[in-house]
Amino acid sequence: MSRESVRFAVLGPIRAWRAGAELDLGRPQQRVLLGLLLARAGRPVGLSEIVDALWGEDPPGSGVNVVRRHIGILRRTLEPGLPLRAPGRWLLREAAGYRIAVDADSLDLLRFRQLREQADEAADRSPGRAVTLLTEALALWKGPAGTDVSVEIRARALLDVLDREHLAAVKELADAALRAGMTAPVLDELRKAALANPLDEPLLARLVLALAATGQRAEALETHRAAVARLADELGLTPGRELSDAHTAVLRESRPAARPAAGSAAGSAVGSGAALGGEPADGGLLSAIPLPGVGYSEPRPAQLPQDLPTFSGRRAQLAKLSALLPEEGRPLDTAVISVIGGMAGVGKTTLAVHWAHQVADRFPDGQFYVDLRGFDPTDKALDPGEAVRDFLCALGVPRHRVPHGLDAQTALYRSLLAGRRFLVLLDNALDTQQVRPLLPGAPGCLVIVTSRDTLTGLVADHGAHPLSLCWLDAEEGRELLAARLGAARVAAEPQAAAEIVELCAGLPLALSCVAARLAAHPGFRLSALAAELRDAHDRLDAIARGSAEVSTVFSWSYRALSAGAARLFRLLAGHPGPDLAAPAVAELAGHAGFDAQESARLLAELTRAHLVAELSPGRYSVHDLLRSYAAELGDDGH
């Protein structure tokens, strides 16, 4: 069966067709599983995440096996006659989970995103074309994403998150229609969205403007009045600037001297030359808004992820990071850059987020956060241009006014940050080239970068301060367990707690997996779990209990290696001693056919990736759990 003959839908009920005939997707759990994979649109979904989506906090012990059975049934549904256990063309095993192989021709979600991107590109030069593209994109939606799934499961499977993309597209459609003078055809879409989101002020502002633009001034004013009443009754709030601007645009008909802000819905219409009813802006009601003559509205970005409530340890590292900043009240003379590096699962992001929250009040103009996906299993790191564009939009720059080209976007980004105090957290960076465009150009800002690579280019070229994070010592490991499980439970079995820390080799991710399991079963004794880890043939599997989180994050680093470095890693991990001197590494590499120069190059690659630690000059070691992971790979690396 050709790939083109199978189509999927997730924008509404979860459906699939083969050769034009709709398929029976079977049991509700199979439908949910397919919906989860479709919502990720071709990106891998880990087994633990699938189990969480299907069963929540109380999965059965056989959950992983049930998932695998569902996958097998779905594969044969999509490809009748597929042999048992054959991978097929659509549902692929990848990164300790599964991925569905789809594109814009086979999945409505990807087609929707493709049309939305095309509309964004056309918005400046041809708003009418943007209206057509966005109308086509929104027509793909047949209801909320995964509408045939319960509300609770939709949330667990992150299907409800897709609805935000629908709402954003409706707002973009309204902006393009106002600028093009084509508001009448989009009113129904706006009304439906407003009915579903009655407290969304930017959406309501656009509806007010669109109604007035089609001559329905009375309904526009009534829509504003009802919105103000709902905001007061349900949230105790007065309307914000955007809704107030829209109201002013309907009421006033005289032109002021000042131009409206381009960041508002009203300003978008004025700035583009479109007015109510499609007439030029110089004679329309929108031109009557008496706003300051500023280029952009100025929201305050506050994008930091939630701090971990049970954060513990890392006192020495936090002190070293805080020493980078001047005393309270003194300005930063330079843009301070800190690079937090370390092996997978060592807690780089957790530390970075925790410290960022501690110092956030010293950067009152805002905090940015972006996951650069440097070691994402899809091998597709985030393009720095996409990150810059998102930062610009967070600063109030309308997306259609973002300049073309990375150099121009970076220049605008640095101009907007100049003279201000921002904190920028760049998580999971691949390399220095990915980070450079996101660095502020003027003093006063703090940049925190996390990476599994050492990013020596940032240190050499930008004066970044490196902090290499290693595993927890025995006391810090015990503190982590106490923070997650309660001090009394850990104090009741101190020897078992110490053994768990040792068996997890002090790796925070491994300890967190074990702690999560113990927290979910308050009756479990720590000594019983320690014995299970001690006696396990596969310690990584015992730690994760079938969810494979630790192996998964290790695999993302391993897959980024060159073939030679991957082979040398397996050789080093299989060495029985606790560490190796450089001559011993060279001897091992020589047996594998690498000469001395190549051996040194590959060893440097492994060290940069934090898969091998350099304990002291010329002396190297491999973390215990990385040794277990290498044993899983086997001699051929699979």
# chains A, B, ... in the order shown; residues from 1 in each chain; ligands from 1
>>> select_by_dssp(residues="region 19-119 of chain A", states="helix (DSSP H, G or I)", output="PyMOL selection string")
chain A and resi 28-39+47-55+63-78+108-119
>>> residues_around(residues="Ala41 (chain A)", least_positions_apart="3", cutoff="7 Å", atoms="only C-alpha atoms", output="list of chain:residue names")
A:Leu37, A:Leu38, A:Val102, A:Leu110
>>> closest_atom_pairs(of="region 444-528 of chain A", to="region 411-433 of chain A", cutoff="7 Å", atoms="only C-alpha atoms", output="JSON lines")
{"residue": "A:Gly444", "atom": "CA", "partner": "A:Arg421", "partner_atom": "CA", "distance": 5.0}
{"residue": "A:Cys445", "atom": "CA", "partner": "A:Phe422", "partner_atom": "CA", "distance": 4.9}
{"residue": "A:Leu446", "atom": "CA", "partner": "A:Leu423", "partner_atom": "CA", "distance": 4.8}
{"residue": "A:Val447", "atom": "CA", "partner": "A:Val424", "partner_atom": "CA", "distance": 4.7}
{"residue": "A:Ile448", "atom": "CA", "partner": "A:Leu425", "partner_atom": "CA", "distance": 4.8}
{"residue": "A:Val449", "atom": "CA", "partner": "A:Leu426", "partner_atom": "CA", "distance": 4.7}
{"residue": "A:Thr450", "atom": "CA", "partner": "A:Asp427", "partner_atom": "CA", "distance": 4.9}
{"residue": "A:Ser451", "atom": "CA", "partner": "A:Asn428", "partner_atom": "CA", "distance": 4.7}
{"residue": "A:Asp453", "atom": "CA", "partner": "A:Leu430", "partner_atom": "CA", "distance": 6.9}
{"residue": "A:Leu455", "atom": "CA", "partner": "A:Thr432", "partner_atom": "CA", "distance": 5.7}
{"residue": "A:Gly457", "atom": "CA", "partner": "A:Thr432", "partner_atom": "CA", "distance": 5.8}
{"residue": "A:Leu458", "atom": "CA", "partner": "A:Thr432", "partner_atom": "CA", "distance": 6.0}
>>> write_last_selection(atoms="N, CA, C and O atoms", output="PDB file, in the first residue's frame")
ATOM      1  N   GLY A 444      23.856  44.604  30.803  1.00  0.00           N
ATOM      2  CA  GLY A 444      22.644  44.647  31.612  1.00  0.00           C
ATOM      3  C   GLY A 444      21.831  43.377  31.601  1.00  0.00           C
ATOM      4  O   GLY A 444      20.896  43.244  32.387  1.00  0.00           O
ATOM      5  N   CYS A 445      22.149  42.445  30.725  1.00  0.00           N
ATOM      6  CA  CYS A 445      21.368  41.220  30.617  1.00  0.00           C
ATOM      7  C   CYS A 445      22.164  40.014  31.130  1.00  0.00           C
ATOM      8  O   CYS A 445      23.395  40.028  31.136  1.00  0.00           O
ATOM      9  N   LEU A 446      21.438  38.981  31.531  1.00  0.00           N
ATOM     10  CA  LEU A 446      22.036  37.721  31.945  1.00  0.00           C
ATOM     11  C   LEU A 446      21.566  36.628  30.993  1.00  0.00           C
ATOM     12  O   LEU A 446      20.361  36.507  30.723  1.00  0.00           O
ATOM     13  N   VAL A 447      22.499  35.855  30.474  1.00  0.00           N
ATOM     14  CA  VAL A 447      22.174  34.725  29.607  1.00  0.00           C
ATOM     15  C   VAL A 447      22.637  33.441  30.297  1.00  0.00           C
ATOM     16  O   VAL A 447      23.797  33.330  30.692  1.00  0.00           O
ATOM     17  N   ILE A 448      21.740  32.489  30.441  1.00  0.00           N
ATOM     18  CA  ILE A 448      22.062  31.180  31.009  1.00  0.00           C
ATOM     19  C   ILE A 448      21.863  30.154  29.894  1.00  0.00           C
ATOM     20  O   ILE A 448      20.791  30.088  29.288  1.00  0.00           O
ATOM     21  N   VAL A 449      22.889  29.377  29.619  1.00  0.00           N
ATOM     22  CA  VAL A 449      22.835  28.373  28.564  1.00  0.00           C
ATOM     23  C   VAL A 449      23.081  27.005  29.188  1.00  0.00           C
ATOM     24  O   VAL A 449      23.990  26.844  29.999  1.00  0.00           O
ATOM     25  N   THR A 450      22.258  26.024  28.833  1.00  0.00           N
ATOM     26  CA  THR A 450      22.533  24.650  29.237  1.00  0.00           C
ATOM     27  C   THR A 450      22.794  23.826  27.982  1.00  0.00           C
ATOM     28  O   THR A 450      22.199  24.058  26.933  1.00  0.00           O
ATOM     29  N   SER A 451      23.706  22.862  28.109  1.00  0.00           N
ATOM     30  CA  SER A 451      24.042  22.024  26.955  1.00  0.00           C
ATOM     31  C   SER A 451      24.764  20.777  27.410  1.00  0.00           C
ATOM     32  O   SER A 451      25.450  20.782  28.440  1.00  0.00           O
ATOM     33  N   ASP A 453      26.992  19.731  25.440  1.00  0.00           N
ATOM     34  CA  ASP A 453      28.290  20.057  24.850  1.00  0.00           C
ATOM     35  C   ASP A 453      28.953  21.119  25.722  1.00  0.00           C
ATOM     36  O   ASP A 453      28.276  21.900  26.400  1.00  0.00           O
ATOM     37  N   LEU A 455      30.513  23.758  24.719  1.00  0.00           N
ATOM     38  CA  LEU A 455      30.351  25.085  24.114  1.00  0.00           C
ATOM     39  C   LEU A 455      31.579  25.966  24.351  1.00  0.00           C
ATOM     40  O   LEU A 455      31.473  27.110  24.809  1.00  0.00           O
ATOM     41  N   GLY A 457      33.289  27.494  22.303  1.00  0.00           N
ATOM     42  CA  GLY A 457      33.250  28.704  21.485  1.00  0.00           C
ATOM     43  C   GLY A 457      32.665  29.890  22.235  1.00  0.00           C
ATOM     44  O   GLY A 457      33.126  31.028  22.073  1.00  0.00           O
ATOM     45  N   LEU A 458      31.650  29.649  23.072  1.00  0.00           N
ATOM     46  CA  LEU A 458      31.078  30.744  23.869  1.00  0.00           C
ATOM     47  C   LEU A 458      32.077  31.234  24.912  1.00  0.00           C
ATOM     48  O   LEU A 458      32.141  32.431  25.213  1.00  0.00           O
TER      49      LEU A 458
END
>>> atom_distance(atom1="CA of Gly342 (chain A)", atom2="CA of Leu469 (chain A)")
4.9 Å
>>> closest_atom_pairs(of="region 351-401 of chain A", to="region 156-175 of chain A", cutoff="12 Å", atoms="only C-alpha atoms", output="tab-separated table")
residue	atom	partner	partner_atom	distance
A:Pro398	CA	A:Glu172	CA	10.1
A:Arg399	CA	A:Glu172	CA	9.4
A:His400	CA	A:Glu172	CA	9.6
>>> residues_around(residues="Arg452 (chain A)", least_positions_apart="2", cutoff="7 Å", atoms="only C-alpha atoms", output="VMD selection string")
chain A and resid 341 to 344 454 609 to 610
>>> write_last_selection(atoms="all heavy atoms", output="mmCIF file, in the first residue's frame")
data_model
loop_
_atom_site.group_PDB
_atom_site.id
_atom_site.type_symbol
_atom_site.label_atom_id
_atom_site.label_comp_id
_atom_site.auth_asym_id
_atom_site.auth_seq_id
_atom_site.Cartn_x
_atom_site.Cartn_y
_atom_site.Cartn_z
ATOM 1 N N GLY A 341 27.036 22.940 31.790
ATOM 2 C CA GLY A 341 27.203 21.722 30.999
ATOM 3 C C GLY A 341 27.192 20.496 31.866
ATOM 4 O O GLY A 341 27.335 20.566 33.094
ATOM 5 N N GLY A 342 27.030 19.351 31.232
ATOM 6 C CA GLY A 342 27.040 18.100 31.975
ATOM 7 C C GLY A 342 26.378 16.999 31.180
ATOM 8 O O GLY A 342 25.741 17.242 30.158
ATOM 9 N N MET A 343 26.492 15.767 31.690
ATOM 10 C CA MET A 343 25.933 14.612 30.993
ATOM 11 C C MET A 343 24.413 14.636 31.049
ATOM 12 O O MET A 343 23.802 15.368 31.839
ATOM 13 C CB MET A 343 26.458 13.321 31.619
ATOM 14 C CG MET A 343 25.984 13.097 33.049
ATOM 15 S SD MET A 343 26.637 11.583 33.797
ATOM 16 C CE MET A 343 25.679 10.336 32.947
ATOM 17 N N ALA A 344 23.784 13.834 30.211
ATOM 18 C CA ALA A 344 22.329 13.730 30.187
ATOM 19 C C ALA A 344 21.815 13.276 31.550
ATOM 20 O O ALA A 344 22.372 12.387 32.181
ATOM 21 C CB ALA A 344 21.908 12.737 29.110
ATOM 22 N N THR A 454 30.275 21.179 25.700
ATOM 23 C CA THR A 454 30.979 22.151 26.536
ATOM 24 C C THR A 454 30.872 23.574 26.004
ATOM 25 O O THR A 454 31.142 24.522 26.739
ATOM 26 C CB THR A 454 32.461 21.773 26.651
ATOM 27 O OG1 THR A 454 33.001 21.615 25.331
ATOM 28 C CG2 THR A 454 32.618 20.475 27.432
ATOM 29 N N ALA A 609 30.801 15.937 24.727
ATOM 30 C CA ALA A 609 29.419 15.467 24.849
ATOM 31 C C ALA A 609 29.085 14.982 26.262
ATOM 32 O O ALA A 609 27.957 14.566 26.513
ATOM 33 C CB ALA A 609 29.167 14.336 23.863
ATOM 34 N N HIS A 610 30.060 15.016 27.168
ATOM 35 C CA HIS A 610 29.884 14.587 28.560
ATOM 36 C C HIS A 610 29.475 13.117 28.656
ATOM 37 O O HIS A 610 28.827 12.714 29.618
ATOM 38 C CB HIS A 610 28.859 15.467 29.272
ATOM 39 C CG HIS A 610 29.359 16.854 29.555
ATOM 40 N ND1 HIS A 610 30.220 17.154 30.576
ATOM 41 C CD2 HIS A 610 29.131 18.024 28.906
ATOM 42 C CE1 HIS A 610 30.494 18.451 30.559
ATOM 43 N NE2 HIS A 610 29.847 18.996 29.556
#
>>> residues_around(residues="Arg93 (chain A)", least_positions_apart="2", cutoff="12 Å", atoms="only C-alpha atoms", output="tab-separated table (two decimals) with C-alpha atoms, in the first residue's frame")
chain	number	residue	atom	x	y	z
A	37	LEU	CA	1.10	10.24	18.03
A	42	GLY	CA	5.94	12.97	13.46
A	43	ARG	CA	7.99	13.50	16.62
A	44	PRO	CA	8.74	10.52	18.89
A	45	VAL	CA	6.60	9.91	21.97
A	46	GLY	CA	8.22	7.98	24.84
A	47	LEU	CA	6.60	4.88	26.27
A	68	ARG	CA	2.85	-2.56	22.34
A	71	ILE	CA	0.68	-0.51	18.30
A	72	GLY	CA	0.67	-3.92	16.61
A	75	ARG	CA	-0.08	-1.21	12.31
A	85	ARG	CA	5.89	-7.82	14.72
A	86	ALA	CA	6.81	-6.18	11.40
A	87	PRO	CA	7.43	-2.43	11.82
A	88	GLY	CA	5.41	-1.31	8.83
A	89	ARG	CA	5.66	2.12	7.20
A	90	TRP	CA	3.66	4.33	9.54
A	91	LEU	CA	4.13	3.45	13.22
A	95	ALA	CA	13.92	6.73	20.95
A	96	ALA	CA	12.39	4.30	23.47
A	97	GLY	CA	8.93	5.09	22.15
A	98	TYR	CA	7.06	5.45	18.89
A	99	ARG	CA	6.70	7.92	16.04
A	100	ILE	CA	4.14	8.15	13.25
A	101	ALA	CA	5.58	8.94	9.82
A	377	PRO	CA	15.52	12.58	19.14
>>> atom_distance(atom1="CA of Thr223 (chain A)", atom2="CA of Val208 (chain A)")
6.5 Å
>>> residues_around(residues="region 125-136 of chain A", least_positions_apart="5", cutoff="12 Å", atoms="only C-alpha atoms", output="VMD selection string")
chain A and resid 108 111 to 120 141 165 to 190 268 to 269 272 to 274 278 400 to 401
>>> closest_residue(among="A:Thr349, A:Gly441, A:Ala530, A:Gly506", to="Gln306 (chain A)", atoms="only C-alpha atoms")
A:Thr349
>>> residues_around(residues="Ala596 (chain A)", least_positions_apart="4", cutoff="9 Å", atoms="only C-alpha atoms", output="number ranges by chain")
A: 586-587, 589-590, 600-601
>>> atom_distance(atom1="CA of Ala316 (chain A)", atom2="CA of Thr456 (chain A)")
22.3 Å
